[in-house]
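Asks: Let me give you the structure first, and then I'll get to my questions.
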Protein chains: 2
Amino acid sequence: MKILIIEDNRDLVQVLSEGFAENGFDVDSAYDGIEGIGKIRSTDYDCIVLDIMIPGIDGYEVVEKAREEGKDTPVIMLTAKDSIEDRVEGLNKGADDYLVKPFDFRELVARINALTRRHSELKRPILNCGPLMLDPIARECKADGEIIPLRRREFDILELLMRFENQVFTRERIIAHVWKKEYDGTSNVVDVHVKYLRDKLRPFNLDVVVVTVRGVGYKVICPAYE
Amino acid sequence: MKILIIEDNRDLVQVLSEGFAENGFDVDSAYDGIEGIGKIRSTDYDCIVLDIMIPGIDGYEVVEKAREEGKDTPVIMLTAKDSIEDRVEGLNKGADDYLVKPFDFRELVARINALTRRHSELKRPILNCGPLMLDPIARECKADGEIIPLRRREFDILELLMRFENQVFTRERIIAHVWKKEYDGTSNVVDVHVKYLRDKLRPFNLDVVVVTVRGVGYKVICPAYE
DNA sequence: CCTCAATGATGAGGATCTTCATGGTGTCTC
DNA sequence: GAGACACCATGAAGATCCTCATCATTGAGG
């Protein structure tokens, strides 16, 4: 299993390389877009881990170029937290999954495995829950083919819950994942955004999808399977 | 020079350790609060790099305990992006500086050097510019002793400019530092927040402190030295 | 000096997010 | 079943942030 890391932070590259090596991956690296493109051209990788903010050609263009040249190697993008929302077009250029910095290394490995496992079938991870569909890359949420415009918090919460369907998340864990900070124990932000989310799903008779688990937290269920 | 890293992400610990070693530091590490406290008790470090979100006892409590026990070793906190604002009290528990993840390794080294150099004199880095004073740890901005309430963006921009007084920052660099994303070239967010900032400084005749450098960006000057 | 174009400043409006207060609902005990 | 309590849902208001359109300023070239 051959992996290419394109990332200008050399320290991060070193950590990742060692981590991957421990996981039995064969690792190669590039420190900017030009070098990255070159390596993609000359070698067949099983997966590419690509930072967006790199010197010269940025990550989006790297994916685009790779795709134009017929490479369909799975690509996981690393992105800073705020870059997500306003880059939807860029995100559509062909990446298969993404991870927000700072991230958990185990999660990165999990996503690489998920992508390479199903490589050659459907790649981009689309989350489904009955008629509800969520595309984390396009950052789109649809029900019955109709786009439901979600705001950042709503989207992030729904994505988290849908990635682990039927698994309960405490407010702490939701805050930690979505807000990337610790829970002070008093705020009810999560509740409020869950309400917003339900309000938007209700017209599709889907608000039951987000279920309250009293005394614990929230989870997403797929009503079709009930 | 002996440094202790308290951080649960073992990969990050390894990167940092190696980086520090290259800089001639003697490195020790702990993976949670309890272990950290223990090591602080038993050893005299020159500096402690401390993540806030660690298992068990969190970073704030570690600093607090260390200070209660009379340790005045400089502490640099690592914090996720959103944790800043609503943790002012926690931040006041005795840390000397902080760094927002994801950060640049060179910046961490620079801050360690700054802290240890002036250890035993004034430690906590207070940024001054004539009558204007900014405390990044307390997240407070004062003029003539009076607190000027700044919002997140305003504070972050002012802090960046004041850390490098008289140095021009382009909108790109400001966006990269404060928003931690790349600049799309169209938005005028920076301009707007600079205006907000000036509006708040004007009552103190301090809006001239933030200077426009036409065609380039903004910088902070200290009018007293003119 | 005048004009034009580029650049920055500003005002207004709206989108999003958060907090707070209140009321409802489930759960436990007696 | 009634009451007490914890937990959750909701409405409303305000804080913060961002976009857009417009106006002012600056600098260059004629």
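Every chain in the structure tokens takes a letter, A first, then B, and so on in the order presented; its residues are numbered from 1, and the ligands are numbered from 1 following the presented order.
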Using only C-alpha atoms (C1' of nucleotides), find each residue of chain C with at least one atom at most 10 Å away from an atom of chain B; report its shortest atom-to-atom pair and that distance in Å (one decimal), sort the rows by chain and rising residue number, and return the result as CSV.
Replies:
```
residue,atom,partner,partner_atom,distance
C:DA6,C1',B:Gly215,CA,9.1
C:DT7,C1',B:Gly215,CA,6.9
C:DG8,C1',B:Arg214,CA,7.9
C:DA9,C1',B:Lys195,CA,7.8
C:DT10,C1',B:Lys195,CA,8.4
```
Asks: May I have the selected residues written with C-alpha atoms (C1' of nucleotides), as a PDB file, in the first residue's frame?
Replies:
```pdb
ATOM      1  C1'  DA C   6      -7.141  51.763  -8.136  1.00  0.00           C
ATOM      2  C1'  DT C   7      -7.590  51.273  -3.450  1.00  0.00           C
ATOM      3  C1'  DG C   8      -9.495  51.863   1.042  1.00  0.00           C
ATOM      4  C1'  DA C   9     -13.416  53.418   4.241  1.00  0.00           C
ATOM      5  C1'  DT C  10     -17.902  53.227   5.529  1.00  0.00           C
TER       6       DT C  10
END
```
Asks: Pull out every residue of chain A that has at least one atom within 12 Å of chain B, counting only C-alpha atoms, and report them as a PyMOL selection string.
Replies: chain A and resi 8-20+22+51-55+58-60+78-87+90+100-106+175-184+186-187
Asks: Any idea what's packed within 12 Å of C:DT3, counting only C-alpha atoms (C1' of nucleotides), ignoring anything in its chain fewer than 2 positions away? Could you give it as a VMD selection string?
Replies: (chain C and resid 1 5) or (chain D and resid 27 to 30)
Asks: Between atom CA of A:Cys222 and atom CA of A:Phe164, what is the distance in Å, rounded to a tenth?
Replies: 11.3 Å
Asks: Residues of chain D within 12 Å of chain A, counting only C-alpha atoms (C1' of nucleotides), what are they? List them as a ChimeraX atom specification.
Replies: /D:6-11,18
Asks: Quick one: distance from atom CA of B:Ala138 to atom CA of B:Leu108 in Å, one decimal?
Replies: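 So the two atoms, atom CA of B:Ala138 and atom CA of B:Leu108, lie 19.1 Å apart.
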Asks: Got a sec to tell me which of chain A DSSP assigns to strand (DSSP E or B), as a PyMOL selection string?
Replies: chain A and resi 2-6+26-30+47-51+75-79+97-100+119+121+127-129+132-135+140-143+146-147+169-170+210-213+217-220
Asks: Could the residues in this selection be written to a file with C-alpha atoms, as a CSV table (one decimal), in the first residue's frame?
Replies:
```csv
chain,number,residue,atom,x,y,z
A,2,LYS,CA,1.7,3.1,-1.3
A,3,ILE,CA,0.8,6.5,0.1
A,4,LEU,CA,1.8,10.0,-1.0
A,5,ILE,CA,1.8,12.9,1.5
A,6,ILE,CA,1.7,16.4,0.1
A,26,ASP,CA,4.8,2.5,2.1
A,27,VAL,CA,5.2,6.3,2.3
A,28,ASP,CA,6.4,9.0,0.0
A,29,SER,CA,6.2,12.7,0.4
A,30,ALA,CA,6.2,16.1,-1.3
A,47,CYS,CA,-3.9,7.0,-1.7
A,48,ILE,CA,-2.9,10.6,-1.5
A,49,VAL,CA,-3.0,12.7,1.6
A,50,LEU,CA,-3.1,16.3,0.5
A,51,ASP,CA,-2.9,19.6,2.4
A,75,VAL,CA,-7.4,11.7,-2.3
A,76,ILE,CA,-7.9,12.8,1.3
A,77,MET,CA,-7.7,16.5,1.8
A,78,LEU,CA,-6.4,18.1,5.0
A,79,THR,CA,-8.0,21.5,5.7
A,97,ASP,CA,-12.7,12.7,1.6
A,98,TYR,CA,-11.4,15.4,3.9
A,99,LEU,CA,-10.2,15.9,7.5
A,100,VAL,CA,-10.2,19.1,9.5
A,119,HIS,CA,-11.5,1.9,-4.3
A,121,GLU,CA,-16.4,0.9,-6.5
A,127,LEU,CA,-23.7,9.2,4.0
A,128,ASN,CA,-27.2,7.9,3.6
A,129,CYS,CA,-30.1,7.6,6.0
A,132,LEU,CA,-31.7,11.6,3.6
A,133,MET,CA,-28.3,11.9,1.9
A,134,LEU,CA,-25.2,13.9,3.0
A,135,ASP,CA,-22.1,14.5,0.9
A,140,GLU,CA,-24.5,19.1,0.4
A,141,CYS,CA,-27.5,17.6,2.2
A,142,LYS,CA,-30.4,16.3,0.1
A,143,ALA,CA,-33.7,14.7,0.8
A,146,GLU,CA,-33.9,18.3,-3.0
A,147,ILE,CA,-31.1,20.3,-1.4
A,169,PHE,CA,-23.2,11.3,21.1
A,170,THR,CA,-23.0,13.3,24.3
A,210,VAL,CA,-32.4,13.0,15.0
A,211,VAL,CA,-33.3,11.3,18.2
A,212,THR,CA,-32.9,12.5,21.7
A,213,VAL,CA,-31.5,10.0,24.1
A,217,GLY,CA,-27.3,13.0,24.1
A,218,TYR,CA,-28.4,12.7,20.5
A,219,LYS,CA,-28.1,10.2,17.7
A,220,VAL,CA,-29.3,9.6,14.2
```
Asks: Can you list every residue in stretch 1-222 of chain A that DSSP puts in helix (DSSP H, G or I), as a short mmCIF file (atom, residue, chain, number, x, y, z; two decimals) with C-alpha atoms, in the first residue's frame?
Replies:
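To be explicit, this is the file written out as out25.cif:
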```
data_model
loop_
_atom_site.label_atom_id
_atom_site.label_comp_id
_atom_site.auth_asym_id
_atom_site.auth_seq_id
_atom_site.Cartn_x
_atom_site.Cartn_y
_atom_site.Cartn_z
CA ARG A 10 7.89 18.99 7.49
CA ASP A 11 7.31 18.09 11.08
CA LEU A 12 3.80 16.95 10.33
CA VAL A 13 5.09 14.99 7.34
CA GLN A 14 7.58 13.22 9.57
CA VAL A 15 4.96 12.29 12.16
CA LEU A 16 2.59 11.04 9.53
CA SER A 17 5.30 9.10 7.75
CA GLU A 18 6.33 7.29 10.88
CA GLY A 19 2.73 6.63 11.81
CA PHE A 20 1.97 5.22 8.38
CA ALA A 21 5.12 3.13 8.41
CA GLU A 22 3.96 1.57 11.68
CA GLY A 33 2.17 21.32 -5.22
CA ILE A 34 4.66 21.14 -8.07
CA GLU A 35 6.66 18.36 -6.47
CA GLY A 36 3.37 16.62 -5.64
CA ILE A 37 2.09 16.71 -9.20
CA GLY A 38 5.39 15.34 -10.40
CA LYS A 39 5.29 12.39 -8.04
CA ILE A 40 1.66 11.67 -8.86
CA ARG A 41 2.58 11.53 -12.54
CA SER A 42 5.51 9.21 -12.10
CA GLY A 59 -4.23 21.54 -3.04
CA TYR A 60 -7.36 22.11 -5.09
CA GLU A 61 -5.36 22.57 -8.25
CA VAL A 62 -3.31 19.50 -7.51
CA VAL A 63 -6.43 17.32 -7.36
CA GLU A 64 -7.85 18.99 -10.42
CA LYS A 65 -4.71 18.44 -12.43
CA ALA A 66 -4.43 14.84 -11.28
CA ARG A 67 -8.01 14.14 -12.30
CA GLU A 68 -7.58 15.85 -15.65
CA LYS A 81 -11.14 24.67 10.13
CA ASP A 82 -12.59 27.74 8.45
CA SER A 83 -11.60 26.84 4.93
CA GLU A 85 -17.53 26.50 4.00
CA ASP A 86 -16.58 28.88 1.27
CA ARG A 87 -14.67 26.41 -0.82
CA VAL A 88 -17.44 24.14 -1.95
CA GLU A 89 -16.62 24.54 -5.65
CA GLY A 90 -12.98 23.78 -4.99
CA LEU A 91 -13.96 20.80 -2.92
CA PHE A 105 -4.22 10.19 13.45
CA ARG A 106 -6.32 7.08 13.94
CA GLU A 107 -9.17 8.77 12.14
CA LEU A 108 -6.93 9.50 9.18
CA VAL A 109 -5.87 5.87 9.00
CA ALA A 110 -9.50 4.79 9.26
CA ARG A 111 -10.47 6.99 6.34
CA ILE A 112 -7.57 5.83 4.23
CA ASN A 113 -8.59 2.26 4.85
CA ALA A 114 -12.20 3.04 4.03
CA LEU A 115 -11.24 4.72 0.78
CA THR A 116 -8.76 2.15 -0.43
CA ARG A 117 -10.99 -0.71 0.56
CA ARG A 152 -22.08 25.22 9.33
CA ARG A 153 -23.03 24.03 12.80
CA GLU A 154 -26.07 22.16 11.57
CA PHE A 155 -24.09 20.44 8.86
CA ASP A 156 -21.21 19.49 11.13
CA ILE A 157 -23.50 18.04 13.76
CA LEU A 158 -25.50 16.06 11.22
CA GLU A 159 -22.35 14.79 9.55
CA LEU A 160 -20.92 13.60 12.83
CA LEU A 161 -24.12 11.80 13.79
CA MET A 162 -24.57 10.28 10.33
CA ARG A 163 -21.01 9.00 10.17
CA ARG A 171 -23.05 17.05 24.16
CA GLU A 172 -19.43 16.93 25.25
CA ARG A 173 -18.39 14.81 22.30
CA ILE A 174 -20.41 16.90 19.89
CA ILE A 175 -18.86 20.11 21.18
CA ALA A 176 -15.41 18.57 21.01
CA HIS A 177 -15.84 17.43 17.41
CA VAL A 178 -17.79 20.33 15.94
CA TRP A 179 -16.50 23.25 17.98
CA VAL A 189 -25.78 25.49 21.99
CA VAL A 190 -25.98 21.91 20.85
CA ASP A 191 -29.65 21.72 21.77
CA VAL A 192 -30.39 24.88 19.86
CA HIS A 193 -28.63 23.76 16.72
CA VAL A 194 -30.26 20.37 16.92
CA LYS A 195 -33.55 22.23 16.99
CA TYR A 196 -32.56 24.26 13.90
CA LEU A 197 -31.62 21.03 12.19
CA ARG A 198 -34.90 19.38 13.03
CA ASP A 199 -36.79 22.44 11.84
CA LYS A 200 -35.13 22.07 8.46
CA LEU A 201 -35.68 18.34 8.26
CA ARG A 202 -39.30 18.48 9.41
CA PRO A 203 -40.81 19.43 6.00
CA PHE A 204 -39.47 16.10 4.76
CA ASP A 207 -36.99 15.33 12.04
CA VAL A 208 -37.47 11.98 13.75
CA VAL A 209 -34.12 11.10 12.26
#
```
Asks: If I take atom CA of B:Ile221 and atom C1' of D:DA24, how far is one from the other in Å, to one decimal?
Replies: 23.7 Å
